[in-house]
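Participant: Could you have a look at this structure, given as structure tokens, before my questions?
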Amino acid sequence: MMDPMLNEESSYAPKQTYFSPYAMNGGTCLAIAGEDFVVVGSDTRLSQGFSIFTRDLPKTYKLTTSTVLGACGFHGDVLTLTKVLNARLKMFEHEHHKKMTTSEIAAMLSTMLYHRRFFPYYVYNLIAGLDEEGKGVVYSFDPVGSYGSDGYRARGSAAAMLQPLLDNQIGLKNQQNVQRVSLSKEKVVNLVKDVFISAAERDIYTGDAVVVHVITKDGTTTERFPLRRD
Amino acid sequence: MKRITATKATTIIKNVRKTSNISAMYHDFGGSSTHLLDDALTSTTNFTVPYGIDPVESLKEFTNPKSDVKIHFDHGTTTLAFKFQHGVIVAVDSRATAGPSIESQTVKKVIEINPYLLGTMAGGAADCAYWERVLARQCRIYELRNKERISVAAASKLLANIVYNYKGMGLSMGTMICGWDKRGPGLYYVDSDGERMSNNIYSVGSGSVYAYGVLDSGYRYDLSVEEAIDLGRRSIYHATHRDAYSGGVVNLYHMKESGWEFISQTDVFDLHYQYKAEKEKK
């Protein structure tokens, strides 16, 4: 229902329509880095406007055994970006006889995105993985390749709802007299579940199911659990 | 078995030659692609421009609030740098915004080009980070070819000439190149409009107006190192206090004859109460 307070489409002036190369397919992903692990979660809904295309499309993509890409935005660009990323990863392996590390992948993704500066990939990216020392690290990107490492980050349609919650619970922002205690894997996974449940309540593009990957030096475990489907 | 037509065969051969030349292509950091149909892989090493569309006009669509598609790029900032008798002080904030959202409070806006050259970031974060990295590469190539360090004037001119090629295409970059070379301390302002100027004091960014006020009232060429550091920090604090797009922490560098030195990282939250206490003591 249209909110009567919002002044949308109340004029009947001629409107020019044109082909837009982009669309907004919704979805949310987030990543939290721990001492020796990273947790990456995303919802599985693919939508456009008021329609849901599918309820089974996770927005996380495994790149190597220790790195996962989270990508939301325009699904067409997500598909091409992951295809090209995987190709570049393979080429690196063939040339250098070793797998790319998380920070190398992040730097490469940054230049890949910047080369489309004048026709951007409409994708908000997250690279999460273990660095050379085995510590968890999360890199977040803007659509043209600006990136930096954070301890935690939410990206996508519900990011504005989730990021403040993560700032408070993981970054311990705006809390007085708190002890900084390192979070365990189980606590982080439970936090991710709760956070997605909240996002599904208030964001129409987030819901259906959550896929949670936990990356440690022993490999990646994947969990999947349901969310609201409305 | 599928039969391949002659035209398809030549396209395949062209593509194979393109991809087998990939290592040569990796060294091409600039130039826009003129192929009508660029495959996605080559578009990662050349600049892809949408055919027949003015990139600035098409990118404007994304900042239109009525549009469904909103691509926000991370923007800066307040940055400042000034020359004085003991070198150059460089002070920056650390906030990145994408439209109305604060994307990060921990952005590194001073780019360490090499041990005796610093570049600051203001405007589009990706533009600054990328082109200053290209500048670092060019400075290194210069060093290897000429067996001596590049001067600040030459480094800043390299950057200005590179971005001038993209003038009008919507790059947003306002940077200060600071260093110490044979001529002493050097400070140049370079931006994406093609400006390149040298002076003693510069502040760049949305909060620069506030920083200039504090900087100009406290600046003398014969400041001591501690006074200069305090002035830089105070100017950034005041800018973050009044400018919504600046905040986070103040990162401070001192450029000396022996190269740059990272001085401090202070949260503006703490600075606020520190300056408040100082005011009340008086």
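Residue numbering restarts at 1 for every chain of the structure tokens, chains are lettered A, B, ... in their displayed order, and ligands are numbered from 1 as they appear.
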Can you write out as a tab-separated table which residues of chain A fall within 7 Å of chain B, alongside each residue's closest atom pair and its distance in Å to one decimal, counting only C-alpha atoms and ordering rows by chain and ascending residue number?
Facilitator:
residue	atom	partner	partner_atom	distance
A:Ala23	CA	B:Val69	CA	6.5
A:Met24	CA	B:Val69	CA	6.2
A:Val84	CA	B:Leu41	CA	5.8
A:Met112	CA	B:Thr44	CA	4.8
A:His115	CA	B:Phe47	CA	4.7
A:Arg116	CA	B:Thr48	CA	5.6
A:Phe118	CA	B:Val49	CA	5.5
A:Phe119	CA	B:Val49	CA	6.1
A:Tyr122	CA	B:Ile71	CA	6.8
A:Asp142	CA	B:Phe73	CA	6.1
A:Pro143	CA	B:Phe73	CA	6.7
A:Val144	CA	B:Ala126	CA	6.2
A:Gly145	CA	B:Ala126	CA	5.6
A:Ser146	CA	B:Ala126	CA	4.0
A:Gly148	CA	B:Val107	CA	6.9
Participant: Skipping near chain neighbours, those fewer than 4 positions away, what residues fall within 7 Å of Arg153 in chain A using only C-alpha atoms, listed as a PyMOL selection string?
Facilitator: chain A and resi 30-32+140+163
Participant: With a distance cut-off of 9 Å and only C-alpha atoms, select the neighbouring residues of Phe141 in chain A, excluding the residue or stretch itself and same-chain residues fewer than 5 positions from it, and output the selection as a VMD selection string.
Facilitator: chain A and resid 106 109 to 110 123 to 127 146 to 148
Participant: Between B:Asp191, B:Glu148, B:Asp270, B:Glu278, single out the one closest to Val249 in chain B, counting only C-alpha atoms.
Facilitator: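 The answer is B:Asp270, which sits nearest to Val249 in chain B.
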Participant: What is the distance between CA of Ala136 in chain B and CA of Gly87 in chain B, in Å to one decimal?
Facilitator: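 Between these atoms lies a distance of 21.3 Å.
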Participant: Pick the closest to Tyr221 in chain B from B:Ser208, B:Ser235, B:Asn200, B:Thr97: which is it, counting only C-alpha atoms?
Facilitator: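 With only C-alpha atoms as the atom set, the closest residue is B:Asn200.
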Participant: Name all residues at most 8 Å from Asp203 in chain A (count only C-alpha atoms; drop same-chain ones fewer than 3 positions away) and give them as a PDB file with N, CA and C atoms, in the first residue's frame.
Facilitator:
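Saved file around.pdb follows:
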ATOM      1  N   SER A 157      20.597  -4.956   1.324  1.00  0.00           N
ATOM      2  CA  SER A 157      19.415  -4.127   1.531  1.00  0.00           C
ATOM      3  C   SER A 157      19.152  -3.846   3.005  1.00  0.00           C
ATOM      4  N   ALA A 158      19.479  -4.782   3.893  1.00  0.00           N
ATOM      5  CA  ALA A 158      19.227  -4.550   5.312  1.00  0.00           C
ATOM      6  C   ALA A 158      20.479  -4.119   6.054  1.00  0.00           C
ATOM      7  N   ALA A 199      16.425  -8.730  10.790  1.00  0.00           N
ATOM      8  CA  ALA A 199      16.394  -8.096   9.465  1.00  0.00           C
ATOM      9  C   ALA A 199      15.180  -8.552   8.681  1.00  0.00           C
ATOM     10  N   ALA A 200      14.840  -9.842   8.774  1.00  0.00           N
ATOM     11  CA  ALA A 200      13.693 -10.365   8.022  1.00  0.00           C
ATOM     12  C   ALA A 200      12.391  -9.747   8.490  1.00  0.00           C
ATOM     13  N   THR A 206      14.718  -9.200   2.589  1.00  0.00           N
ATOM     14  CA  THR A 206      15.503 -10.207   3.322  1.00  0.00           C
ATOM     15  C   THR A 206      14.551 -11.218   3.920  1.00  0.00           C
TER      16      THR A 206
END
Participant: From the list A:Asp77, A:Lys193, A:Arg202, A:Asp56, which residue is nearest Ala160 in chain A when using only C-alpha atoms?
Facilitator: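 Closest to Ala160 in chain A, using only C-alpha atoms: A:Arg202.
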Participant: What lies within 6 Å of Thr44 in chain A using only C-alpha atoms, ignoring chain neighbours under 5 positions off, as a PyMOL selection string?
Facilitator: chain A and resi 55-58+209
Participant: Would you mind exporting C-alpha atoms of the selected residues as a PDB file, in the first residue's frame?
Facilitator:
ATOM      1  CA  ARG A  55      13.851 -18.405  -2.208  1.00  0.00           C
ATOM      2  CA  ASP A  56      17.007 -20.475  -2.664  1.00  0.00           C
ATOM      3  CA  LEU A  57      19.828 -18.253  -3.807  1.00  0.00           C
ATOM      4  CA  PRO A  58      22.580 -17.704  -1.229  1.00  0.00           C
ATOM      5  CA  ALA A 209      16.526 -18.721   4.765  1.00  0.00           C
TER       6      ALA A 209
END
Participant: For Leu191 in chain A, which residue among A:Pro226, A:Thr102, A:Phe74, A:Leu166 is the nearest when counting only C-alpha atoms?
Facilitator: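 Closest to Leu191 in chain A of all the choices is A:Leu166.
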Participant: I need the residues in range 158-219 of chain B that are helix (DSSP H, G or I) according to DSSP; give them as a list in words.
Facilitator: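 Answer for range 158-219 of chain B, restricted to helix (DSSP H, G or I): Leu158, Leu159, Ala160, Asn161, Ile162, Val163, Tyr164, Ser208, Val209, Tyr210, Ala211, Tyr212, Gly213, Val214, Leu215, Asp216, Ser217 and Gly218 of chain B.
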Participant: What's around Arg220 in chain B at 12 Å? Count only C-alpha atoms, leave out sequence neighbours fewer than 6 positions away in its own chain, and write the answer as a list in words.
Facilitator: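 The contact residues come out as Phe82, Lys83, Phe84, Gln85, His86, Asn200, Ile201, Glu227, Ala228 and Leu231 of chain B.
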Participant: So the first atom is CA of Pro185 in chain B and the second is CA of Val110 in chain B; what is the distance between them in Å, to one decimal place?
Facilitator: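 These atoms are spaced 17.1 Å apart.
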Participant: Please identify which residues in range 177-269 of chain B DSSP calls strand (DSSP E or B) from the backbone, and express them as a PyMOL selection string.
Facilitator: chain B and resi 177-181+184-191+196-198+201-205+249-256+259-267
Participant: Take CA of Ala154 in chain B and CA of Cys139 in chain B and report the distance between them in Å, one decimal.
Facilitator: 9.0 Å
Participant: Neighbouring residues of Glu226 in chain B were defined as those with any atom within 12 Å, considering only C-alpha atoms; residues of the same chain fewer than 3 positions away were excluded. Please report them as a PyMOL selection string.
Facilitator: chain B and resi 84+86+89+222-223+229-233+252+254+263
Participant: For each of B:Val225, B:Ala122, B:Ile111, B:Ala155, take the minimum atom-to-atom distance to Ser203 in chain B, counting only C-alpha atoms, then give the residue where this is smallest.
Facilitator: B:Ala122
